[in-house]
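S.K.: Okay, so here is final-v1.txt, and as you'll see once you scroll down, it has compact mmCIF, C-alpha atoms and all ligand atoms.
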# COMPACT_ATOMS: atom_id res chain seq x y z
CA MET A 1 -1.83 -4.68 -33.34
CA LYS A 2 1.84 -5.75 -33.57
CA CYS A 3 4.46 -5.52 -30.82
CA SER A 4 6.73 -2.46 -31.23
CA LYS A 5 9.78 -4.67 -30.58
CA CYS A 6 9.04 -7.86 -32.51
CA ASN A 7 6.54 -9.36 -34.91
CA ASN A 8 4.33 -10.97 -32.31
CA LYS A 9 0.83 -9.87 -31.44
CA ALA A 10 0.74 -7.05 -28.88
CA ILE A 11 -1.28 -7.68 -25.71
CA ILE A 12 -1.11 -4.15 -24.30
CA LYS A 13 -0.77 -0.58 -25.49
CA ILE A 14 1.34 1.84 -23.47
CA PRO A 15 0.06 5.08 -25.00
CA TYR A 16 2.22 7.48 -22.94
CA SER A 17 5.35 5.74 -24.25
CA ASN A 18 3.93 5.14 -27.70
CA LEU A 19 4.45 1.40 -27.35
CA ALA A 20 2.47 -1.75 -28.01
CA LEU A 21 4.00 -4.88 -26.48
CA CYS A 22 3.69 -8.63 -26.78
CA LYS A 23 3.61 -10.79 -23.65
CA ASP A 24 7.37 -11.35 -23.38
CA HIS A 25 8.35 -7.78 -24.21
CA PHE A 26 5.74 -6.45 -21.79
CA ILE A 27 7.11 -8.58 -18.93
CA GLU A 28 10.65 -7.42 -19.71
CA TRP A 29 9.57 -3.75 -20.02
CA PHE A 30 7.48 -3.88 -16.81
CA GLU A 31 10.22 -5.45 -14.68
CA ARG A 32 12.81 -3.01 -15.99
CA ARG A 33 10.50 -0.07 -15.32
CA PHE A 34 9.96 -1.24 -11.74
CA GLU A 35 13.70 -1.49 -11.18
CA ARG A 36 14.36 1.89 -12.75
CA ILE A 37 11.85 3.54 -10.41
CA VAL A 38 13.37 1.76 -7.39
CA ASP A 39 16.87 2.93 -8.41
CA LYS A 40 15.86 6.48 -9.38
CA TYR A 41 14.22 7.12 -6.00
CA LYS A 42 16.92 5.15 -4.08
CA MET A 43 14.20 3.18 -2.36
CA PHE A 44 16.20 0.36 -0.80
CA GLU A 45 19.75 1.73 -0.55
CA ASN A 46 20.01 0.93 3.15
CA SER A 47 17.54 -1.94 3.39
CA LYS A 48 18.67 -5.30 4.69
CA LYS A 49 15.33 -6.90 5.51
CA ILE A 50 12.11 -5.80 3.82
CA ALA A 51 8.59 -6.66 4.97
CA VAL A 52 6.14 -6.88 2.06
CA ALA A 53 2.52 -6.21 3.03
CA VAL A 54 0.42 -8.70 1.07
CA SER A 55 -3.36 -8.38 1.16
CA GLY A 56 -3.94 -10.99 -1.56
CA GLY A 57 -5.11 -8.48 -4.20
CA LYS A 58 -3.37 -7.91 -7.55
CA ASP A 59 -1.16 -4.99 -6.44
CA SER A 60 0.35 -6.55 -3.33
CA THR A 61 0.80 -10.03 -4.84
CA THR A 62 2.51 -8.50 -7.90
CA LEU A 63 4.68 -6.44 -5.57
CA LEU A 64 5.67 -9.61 -3.70
CA HIS A 65 6.78 -11.27 -6.96
CA LEU A 66 8.75 -8.18 -8.02
CA MET A 67 10.37 -7.83 -4.60
CA LYS A 68 11.37 -11.51 -4.59
CA LYS A 69 13.13 -11.03 -7.92
CA LEU A 70 14.78 -7.81 -6.76
CA SER A 71 15.91 -9.37 -3.47
CA GLU A 72 17.85 -12.02 -5.40
CA LYS A 73 19.55 -9.32 -7.45
CA LYS A 74 20.25 -6.82 -4.69
CA GLY A 75 20.85 -9.25 -1.84
CA PHE A 76 18.32 -8.08 0.74
CA GLU A 77 16.01 -10.39 2.67
CA ILE A 78 12.22 -10.28 2.36
CA ILE A 79 9.34 -11.44 4.53
CA GLY A 80 5.67 -11.39 3.54
CA ILE A 81 3.09 -10.14 6.03
CA ASN A 82 -0.63 -10.73 5.68
CA ILE A 83 -3.12 -9.24 8.12
CA ASP A 84 -6.46 -10.99 8.51
CA LEU A 85 -8.66 -8.02 9.36
CA GLY A 86 -11.75 -10.05 10.11
CA ILE A 87 -13.83 -8.59 7.26
CA ASP A 88 -16.56 -11.01 6.36
CA MET A 89 -19.90 -9.33 5.58
CA GLY A 90 -21.19 -12.64 4.26
CA LYS A 91 -18.40 -12.82 1.67
CA GLN A 92 -15.46 -14.21 3.69
CA TYR A 93 -13.37 -11.40 2.29
CA SER A 94 -10.52 -11.61 4.82
CA SER A 95 -10.23 -15.38 4.83
CA LYS A 96 -10.13 -15.41 1.02
CA SER A 97 -7.50 -12.63 1.04
CA THR A 98 -5.33 -14.62 3.42
CA GLU A 99 -5.74 -17.73 1.27
CA PHE A 100 -4.38 -15.86 -1.77
CA ALA A 101 -1.53 -14.32 0.18
CA LEU A 102 -0.57 -17.77 1.43
CA LYS A 103 -0.67 -19.24 -2.09
CA ASN A 104 1.85 -16.62 -3.21
CA PHE A 105 4.12 -17.03 -0.17
CA GLU A 106 4.26 -20.76 -0.80
CA MET A 107 4.63 -20.42 -4.57
CA LEU A 108 7.66 -18.16 -4.14
CA GLY A 109 9.03 -19.92 -1.08
CA VAL A 110 9.29 -16.68 0.92
CA LYS A 111 9.16 -16.47 4.70
CA TYR A 112 5.88 -15.07 5.96
CA ARG A 113 3.70 -14.10 8.92
CA ILE A 114 -0.08 -14.20 8.94
CA VAL A 115 -1.61 -12.12 11.70
CA ARG A 116 -5.26 -12.35 12.73
CA ILE A 117 -6.24 -9.12 14.43
CA LYS A 118 -9.09 -10.82 16.30
CA GLU A 119 -6.53 -13.11 17.97
CA ARG A 120 -3.93 -10.42 18.46
CA TYR A 121 -6.03 -7.45 19.51
CA GLY A 122 -9.45 -8.89 20.31
CA PHE A 123 -11.65 -7.26 17.67
CA THR A 124 -12.29 -7.27 13.92
CA ILE A 125 -12.83 -4.47 11.40
CA ASP A 126 -16.44 -5.60 10.99
CA ASP A 127 -16.94 -5.17 14.77
CA ALA A 128 -15.27 -1.75 14.66
CA LYS A 129 -17.57 -0.57 11.91
CA HIS A 130 -20.51 -0.55 14.33
CA LYS A 131 -18.74 0.70 17.44
CA ILE A 132 -16.23 3.29 16.25
CA LYS A 133 -17.52 6.60 14.96
CA ARG A 134 -14.80 7.22 12.36
CA PRO A 135 -15.31 5.83 8.82
CA VAL A 136 -14.52 2.12 8.70
CA CYS A 137 -11.70 2.60 6.14
CA SER A 138 -10.04 5.11 8.41
CA THR A 139 -10.13 2.64 11.36
CA CYS A 140 -8.96 -0.12 9.04
CA GLY A 141 -6.06 1.99 7.73
CA LEU A 142 -5.02 2.80 11.29
CA VAL A 143 -5.15 -0.87 12.33
CA LYS A 144 -3.20 -1.99 9.24
CA ARG A 145 -0.46 0.62 9.73
CA TYR A 146 -0.10 -0.19 13.41
CA THR A 147 -0.07 -3.97 12.94
CA LEU A 148 2.33 -3.87 10.01
CA THR A 149 4.80 -1.69 11.90
CA GLU A 150 4.60 -3.90 14.99
CA ILE A 151 5.09 -7.14 13.06
CA ALA A 152 7.87 -5.70 10.88
CA GLU A 153 9.70 -4.64 14.04
CA GLU A 154 9.18 -8.03 15.65
CA GLU A 155 10.68 -9.62 12.55
CA GLY A 156 13.68 -7.28 12.56
CA ALA A 157 12.76 -5.65 9.24
CA ASP A 158 14.06 -2.14 8.50
CA THR A 159 11.65 -1.42 5.63
CA ILE A 160 7.97 -2.02 4.86
CA VAL A 161 6.67 -1.93 1.28
CA THR A 162 3.02 -1.55 0.31
CA GLY A 163 1.26 -1.94 -3.03
CA HIS A 164 -0.19 1.56 -3.60
CA ASN A 165 -0.28 2.07 -7.36
CA LEU A 166 -0.29 5.16 -9.59
CA ASN A 167 -4.10 5.31 -9.81
CA ASP A 168 -4.37 5.19 -5.99
CA MET A 169 -1.84 8.00 -5.69
CA ALA A 170 -3.57 10.16 -8.33
CA GLN A 171 -6.91 9.64 -6.61
CA PHE A 172 -5.45 10.53 -3.22
CA ILE A 173 -3.90 13.72 -4.59
CA MET A 174 -7.11 14.85 -6.34
CA ALA A 175 -9.22 14.02 -3.27
CA GLY A 176 -6.72 15.95 -1.13
CA TYR A 177 -7.06 19.04 -3.34
CA PHE A 178 -10.83 18.64 -3.36
CA ASN A 179 -11.04 18.43 0.45
CA GLY A 180 -8.27 20.95 1.09
CA ASP A 181 -6.41 18.34 3.18
CA VAL A 182 -3.11 20.18 3.06
CA ARG A 183 -1.54 18.22 5.92
CA ASP A 184 -2.52 14.87 4.44
CA LEU A 185 -1.01 15.95 1.12
CA ALA A 186 2.14 17.14 2.88
CA ARG A 187 2.48 13.68 4.45
CA LEU A 188 2.02 11.80 1.17
CA ASP A 189 5.60 10.57 0.97
CA ILE A 190 6.72 7.65 -1.15
CA ILE A 191 9.54 7.01 1.29
CA THR A 192 8.46 7.71 4.85
CA PRO A 193 11.36 7.74 7.29
CA PRO A 194 10.90 6.05 10.68
CA GLU A 195 9.47 7.92 13.63
CA LYS A 196 12.03 9.15 16.14
CA GLY A 197 13.55 6.27 18.05
CA TYR A 198 12.31 3.64 15.56
CA LYS A 199 13.86 2.17 12.46
CA VAL A 200 11.22 1.05 9.99
CA THR A 201 11.03 3.07 6.74
CA LYS A 202 7.83 2.78 4.67
CA VAL A 203 8.09 2.70 0.89
CA LYS A 204 5.56 2.60 -1.98
CA PRO A 205 7.52 1.07 -4.88
CA LEU A 206 4.53 0.85 -7.28
CA PHE A 207 3.62 4.54 -6.97
CA LEU A 208 4.42 5.30 -10.63
CA ILE A 209 2.92 2.15 -12.13
CA TYR A 210 -0.56 2.14 -13.63
CA GLU A 211 -3.17 -0.23 -12.23
CA LYS A 212 -3.82 -1.60 -15.73
CA GLU A 213 -0.14 -2.53 -16.17
CA ILE A 214 -0.06 -4.28 -12.78
CA LEU A 215 -3.22 -6.22 -13.62
CA THR A 216 -1.81 -7.25 -17.02
CA TYR A 217 1.47 -8.36 -15.43
CA ALA A 218 -0.37 -10.41 -12.77
CA LEU A 219 -2.51 -12.07 -15.43
CA VAL A 220 0.27 -12.91 -17.89
CA LYS A 221 2.55 -14.18 -15.13
CA GLY A 222 -0.24 -16.35 -13.70
CA ILE A 223 -0.01 -14.74 -10.27
CA PRO A 224 -2.92 -15.96 -8.13
CA PHE A 225 -4.82 -13.01 -6.62
CA LEU A 226 -8.23 -12.20 -5.20
CA TYR A 227 -10.46 -10.36 -7.68
CA ASP A 228 -13.13 -9.41 -5.12
CA SER A 229 -13.12 -5.92 -3.66
CA CYS A 230 -13.55 -5.37 0.04
CA PRO A 231 -17.28 -5.27 0.85
CA HIS A 232 -16.73 -1.97 2.69
CA THR A 233 -15.21 -0.22 -0.35
CA PHE A 234 -18.43 1.22 -1.70
CA ARG A 235 -19.97 2.11 1.60
CA VAL A 236 -17.42 4.69 2.58
CA GLY A 237 -16.56 7.87 0.75
CA GLY A 238 -18.18 5.85 -2.06
CA ALA A 239 -19.70 7.98 -4.77
CA THR A 240 -17.25 10.91 -4.67
CA GLN A 241 -14.10 8.78 -4.49
CA ASP A 242 -15.41 6.54 -7.19
CA THR A 243 -16.19 9.46 -9.48
CA ILE A 244 -12.75 10.99 -8.94
CA ARG A 245 -11.19 7.68 -9.93
CA ARG A 246 -13.32 7.31 -13.04
CA LYS A 247 -12.75 10.90 -14.14
CA LEU A 248 -8.99 10.45 -13.75
CA GLU A 249 -9.22 7.43 -16.04
CA GLU A 250 -11.13 9.53 -18.58
CA LEU A 251 -8.46 12.23 -18.39
CA GLU A 252 -5.83 9.56 -18.95
CA GLU A 253 -7.66 8.40 -22.08
CA ALA A 254 -7.74 11.95 -23.43
CA ILE A 255 -4.21 12.89 -22.34
CA PRO A 256 -1.95 9.80 -22.21
CA GLY A 257 0.42 10.02 -19.26
CA TYR A 258 -1.82 12.45 -17.35
CA MET A 259 -1.74 10.50 -14.06
CA LEU A 260 1.98 9.90 -14.38
CA MET A 261 2.67 13.64 -14.73
CA LEU A 262 0.23 14.48 -11.96
CA VAL A 263 1.85 12.10 -9.46
CA GLU A 264 5.47 12.67 -10.51
CA ASN A 265 5.13 16.43 -10.35
CA PHE A 266 3.36 16.22 -7.04
CA ILE A 267 6.00 13.95 -5.46
CA ASN A 268 9.00 15.75 -6.97
CA LYS A 269 7.90 19.36 -6.69
CA ILE A 270 4.75 20.01 -4.67
CA GLN A 271 4.97 17.57 -1.76
CA PRO A 272 8.49 18.63 -0.66
CA ALA A 273 7.30 22.26 -0.56
CA LEU A 274 4.17 21.34 1.41
CA LYS A 275 6.21 19.21 3.77
CA GLU A 276 8.59 22.04 4.51
CA LYS A 277 5.77 24.46 5.21
CA TYR A 278 3.30 22.28 7.08
CA ILE A 279 5.16 19.44 8.74
CA LYS A 280 7.29 20.65 11.56
CA GLU A 281 9.53 18.35 13.54
CA GLU A 282 6.78 17.59 15.99
CA GLU A 283 7.63 16.75 19.54
CA ILE A 284 6.76 13.13 20.04
CA GLY A 285 5.17 11.63 23.11
CA HIS A 286 4.73 7.97 23.93
CA CYS A 287 1.46 6.11 24.28
CA LYS A 288 0.81 5.20 27.92
CA ILE A 289 -0.59 1.83 26.92
CA CYS A 290 1.62 0.44 24.15
CA GLY A 291 4.61 2.76 24.36
CA ARG A 292 4.60 3.58 20.65
CA PRO A 293 5.03 7.18 19.46
CA THR A 294 2.06 9.51 19.54
CA THR A 295 1.55 13.27 19.32
CA LYS A 296 2.96 15.04 22.38
CA ASP A 297 -0.37 16.17 23.83
CA ARG A 298 -2.04 12.75 23.62
CA GLU A 299 -1.85 10.24 26.43
CA ILE A 300 -2.68 7.22 24.31
CA CYS A 301 -2.23 6.59 20.60
CA SER A 302 -5.18 6.40 18.18
CA PHE A 303 -4.82 2.64 17.85
CA CYS A 304 -5.00 2.04 21.60
CA ALA A 305 -8.01 4.39 21.79
CA VAL A 306 -9.79 2.19 19.22
CA ARG A 307 -8.73 -1.02 20.93
CA LEU A 308 -9.82 0.26 24.33
CA LYS A 309 -13.22 1.20 22.96
CA MET A 310 -13.59 -2.17 21.27
CA THR A 311 -12.41 -4.48 24.03
CA GLY A 312 -12.01 -2.47 27.22
CA GLN A 313 -8.56 -4.06 27.45
CA THR A 314 -5.28 -2.37 28.12
CA ILE A 315 -2.83 -5.14 27.40
CA ASN A 316 0.94 -4.64 27.14
CA ILE A 317 1.06 -1.65 29.49
CA LYS A 318 4.58 -0.21 29.35
FE1 LIG A 401 -10.08 -1.73 4.94
FE2 LIG A 401 -11.67 0.03 3.68
FE3 LIG A 401 -9.72 -1.24 2.34
FE4 LIG A 401 -11.87 -2.57 3.19
S1 LIG A 401 -11.86 -0.90 1.67
S2 LIG A 401 -9.73 -3.24 3.37
S3 LIG A 401 -12.31 -1.55 5.14
S4 LIG A 401 -9.44 0.24 4.03
ZN ZN A 402 7.47 -8.42 -28.76
ZN ZN A 403 -0.81 2.81 21.94
Output the structure of this file as structure tokens.
Ligand code: SF4
Ligand code: ZN
Ligand code: ZN
M.R.:
Amino acid sequence: MKCSKCNNKAIIKIPYSNLALCKDHFIEWFERRFERIVDKYKMFENSKKIAVAVSGGKDSTTLLHLMKKLSEKKGFEIIGINIDLGIDMGKQYSSKSTEFALKNFEMLGVKYRIVRIKERYGFTIDDAKHKIKRPVCSTCGLVKRYTLTEIAEEEGADTIVTGHNLNDMAQFIMAGYFNGDVRDLARLDIITPPEKGYKVTKVKPLFLIYEKEILTYALVKGIPFLYDSCPHTFRVGGATQDTIRRKLEELEEAIPGYMLMLVENFINKIQPALKEKYIKEEEIGHCKICGRPTTKDREICSFCAVRLKMTGQTINIK
């Protein structure tokens, strides 16, 4: 297979664009595509300092490299944030993740913060798995969102970027339809404005980029990343989520560009309509423990409820 742009051997096929690309042309195409998406959706128009959430996996480490390049071009500042969630399960998953994040921070010479939730909040995700009734990934998601927002604010960042890719988005949308989670779908923004009184916007710059393209980019650029999956991945929501993901890949094989259309149409046409119908400007209350925003009728936020259950502590009372 020859590259569509030169005579070299192609390393990847991009069926939805009818392209086959060699290493150099793929890198050029991929970086340009990333920038075009960022510009089209005006992702960083008002950003001065961007916090990049880096777990150590292929998506977030690739995102860090792309954001570093973009920051030099557009003149914003970046800071990498890695959260050590305390997931071990005999595989040292979190410590390995942090090791890979650190390798990338040092390789690129970017400023960074590494936050260990055991030290900061007094519990780990492995501990929470046994003590908290909600699924472990839901607790983990809550802890990650809370910690990221807190650290980004401490660092004076106005934007947080995360590495959700196109396959993640397509899976989330299909699972949302399957479960009838209309509110979750309505909240599936790619640019989430800050809560009232706060200033951190959350952005998913890889939302239109296929997992396979990210993996290829990471490999050809020699980006160090952790291959292992989290040991909790297959325990929660496992079989159904996994099947949805596989079936989406099969659909993509049969109809090139299927996931791209699914996600683009959802974000451009369906989500804004759902948002208008289901997400009202909710009145916001403030958590009695940490002071962060929570729904009006709740005294403490979900994170503090988890932390209280895990440690019995109410630190930082405001
Ligand atoms: Fe957290 Fe679940 Fe992801 Fe593991 S798979 S890092 S527990 S959200
Ligand atoms: Zn070429
Ligand atoms: Zn709270």
S.K.: Could you tell me how far CA of Phe266 in chain A sits from CA of Thr192 in chain A, in Å to one decimal place?
M.R.: 15.5 Å
S.K.: Give the answer as one residue: which of A:Phe105, A:Phe225, A:Phe178, A:Tyr121 has the shortest atom-to-atom distance to ligand ZN 403 (chain A), using all atoms listed in the file?
M.R.: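 Smallest distance to ligand ZN 403 (chain A) is found for A:Tyr121.
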S.K.: Which residues are near ligand LIG 401 (chain A) - at most 8 Å, using all atoms listed in the file? Format: as a count of residues only.
M.R.: 16
S.K.: Pick out the residues no farther than 9 Å from ligand ZN 402 (chain A), counting only C-alpha atoms and all ligand atoms, and list them as a list in words.
M.R.: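 With only C-alpha atoms and all ligand atoms and a cut-off of 9 Å, ligand ZN 402 (chain A) is contacted by Lys2, Cys3, Ser4, Lys5, Cys6, Asn7, Asn8, Lys9, Ala10, Ala20, Leu21, Cys22, Lys23, Asp24, His25 and Phe26 of chain A.
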S.K.: Kindly give the distance, in Å, that separates CA of Ala273 in chain A and CA of Ala175 in chain A, rounded to a single decimal.
M.R.: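 Value for the CA of Ala273 in chain A-CA of Ala175 in chain A distance: 18.7 Å.
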S.K.: For Thr216 in chain A, which of A:Ile27, A:Met107, A:Val161, A:Ile151 is the closest residue, counting all atoms listed in the file?
M.R.: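 Looking only at the distances to Thr216 in chain A, the closest residue turns out to be A:Ile27.
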S.K.: Tell me which of A:Lys42, A:Ile117, A:His164, A:Leu274 sits closest to Tyr146 in chain A, counting all atoms listed in the file.
M.R.: A:Ile117
S.K.: So which one's closest to Ile209 in chain A, A:Ile223, A:Ile37, A:Ile132, A:Ile83? Using only C-alpha atoms, please.
M.R.: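 Checking each candidate against Ile209 in chain A, we get A:Ile37 as the closest.
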S.K.: Return as a short mmCIF file (atom, residue, chain, number, x, y, z; two decimals) with C-alpha atoms, in the frame of the given file the residues of protein, DNA or RNA that approach ligand ZN 403 (chain A) to within 12 Å, with only C-alpha atoms and all ligand atoms taken into account.
M.R.:
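The result, written out as result-v4.cif:
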data_model
loop_
_atom_site.label_atom_id
_atom_site.label_comp_id
_atom_site.auth_asym_id
_atom_site.auth_seq_id
_atom_site.Cartn_x
_atom_site.Cartn_y
_atom_site.Cartn_z
CA TYR A 121 -6.03 -7.45 19.51
CA LEU A 142 -5.02 2.80 11.29
CA VAL A 143 -5.15 -0.87 12.33
CA TYR A 146 -0.10 -0.19 13.41
CA THR A 147 -0.07 -3.97 12.94
CA GLU A 150 4.60 -3.90 14.99
CA GLY A 285 5.17 11.63 23.11
CA HIS A 286 4.73 7.97 23.93
CA CYS A 287 1.46 6.11 24.28
CA LYS A 288 0.81 5.20 27.92
CA ILE A 289 -0.59 1.83 26.92
CA CYS A 290 1.62 0.44 24.15
CA GLY A 291 4.61 2.76 24.36
CA ARG A 292 4.60 3.58 20.65
CA PRO A 293 5.03 7.18 19.46
CA THR A 294 2.06 9.51 19.54
CA THR A 295 1.55 13.27 19.32
CA ARG A 298 -2.04 12.75 23.62
CA GLU A 299 -1.85 10.24 26.43
CA ILE A 300 -2.68 7.22 24.31
CA CYS A 301 -2.23 6.59 20.60
CA SER A 302 -5.18 6.40 18.18
CA PHE A 303 -4.82 2.64 17.85
CA CYS A 304 -5.00 2.04 21.60
CA ALA A 305 -8.01 4.39 21.79
CA VAL A 306 -9.79 2.19 19.22
CA ARG A 307 -8.73 -1.02 20.93
CA LEU A 308 -9.82 0.26 24.33
CA GLN A 313 -8.56 -4.06 27.45
CA THR A 314 -5.28 -2.37 28.12
CA ILE A 315 -2.83 -5.14 27.40
CA ASN A 316 0.94 -4.64 27.14
CA ILE A 317 1.06 -1.65 29.49
CA LYS A 318 4.58 -0.21 29.35
#
S.K.: Pick the closest to Glu28 in chain A from A:Ile191, A:Val220, A:Ile173, A:Ile267: which is it, counting all atoms listed in the file?
M.R.: A:Val220
S.K.: Which residue, A:Ala170, A:Glu106, A:Thr149, A:Val54, has the smallest gap to Leu251 in chain A when you use only C-alpha atoms?
M.R.: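 Ranked by minimum distance to Leu251 in chain A, first place goes to A:Ala170.
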S.K.: As an exercise, work out the distance from CA of Leu148 in chain A to CA of Gly57 in chain A in Å and give it to one decimal place.
M.R.: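 One can read the CA of Leu148 in chain A to CA of Gly57 in chain A distance as 16.7 Å.
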S.K.: Need the shell around Met43 in chain A: protein/DNA/RNA residues with any atom at most 9 Å away, counting all atoms listed in the file. Skip same-chain ones fewer than 5 positions apart. Format as a list in words?
M.R.: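 My list of contacting residues is Ile37, Val38, Ile190, Ile191, Val203, Lys204 and Pro205 of chain A.
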S.K.: Which centre and which edge lengths, in Å to one decimal, describe the axis-aligned box that holds all listed atoms of range 121-140 of chain A after 6 Å is added on each side, as lines of an AutoDock Vina configuration file?
M.R.:
center_x = -13.3
center_y = -0.8
center_z = 13.2
size_x = 26.5
size_y = 28.1
size_z = 26.2
S.K.: Quick one: residues within 8 Å of Thr201 in chain A, all atoms listed in the file, excluding same-chain residues fewer than 6 positions away - as a PyMOL selection string?
M.R.: chain A and resi 158-160+191-194
S.K.: With all atoms listed in the file as the counted atoms, please give the residues lying no more than 9 Å from Ile244 in chain A, apart from itself and same-chain residues fewer than 3 positions off, as a compact mmCIF listing (two decimals) with C-alpha atoms, keeping the file's coordinate frame.
M.R.:
# COMPACT_ATOMS: atom_id res chain seq x y z
CA GLN A 171 -6.91 9.64 -6.61
CA MET A 174 -7.11 14.85 -6.34
CA ALA A 175 -9.22 14.02 -3.27
CA ALA A 239 -19.70 7.98 -4.77
CA THR A 240 -17.25 10.91 -4.67
CA GLN A 241 -14.10 8.78 -4.49
CA LYS A 247 -12.75 10.90 -14.14
CA LEU A 248 -8.99 10.45 -13.75
CA GLU A 249 -9.22 7.43 -16.04
S.K.: Within 12 Å of (14.6, -9.0, -9.7) (file coordinates; only C-alpha atoms), which protein or nucleic acid residues are there? I'd like them as a list in words.
M.R.: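 Counting only C-alpha atoms, I find these residues within 12 Å of (14.6, -9.0, -9.7): Ile27, Glu28, Phe30, Glu31, Arg32, Arg33, Phe34, Glu35, Arg36, Val38, Leu63, Leu64, His65, Leu66, Met67, Lys68, Lys69, Leu70, Ser71, Glu72, Lys73, Lys74, Gly75 and Phe76 of chain A.
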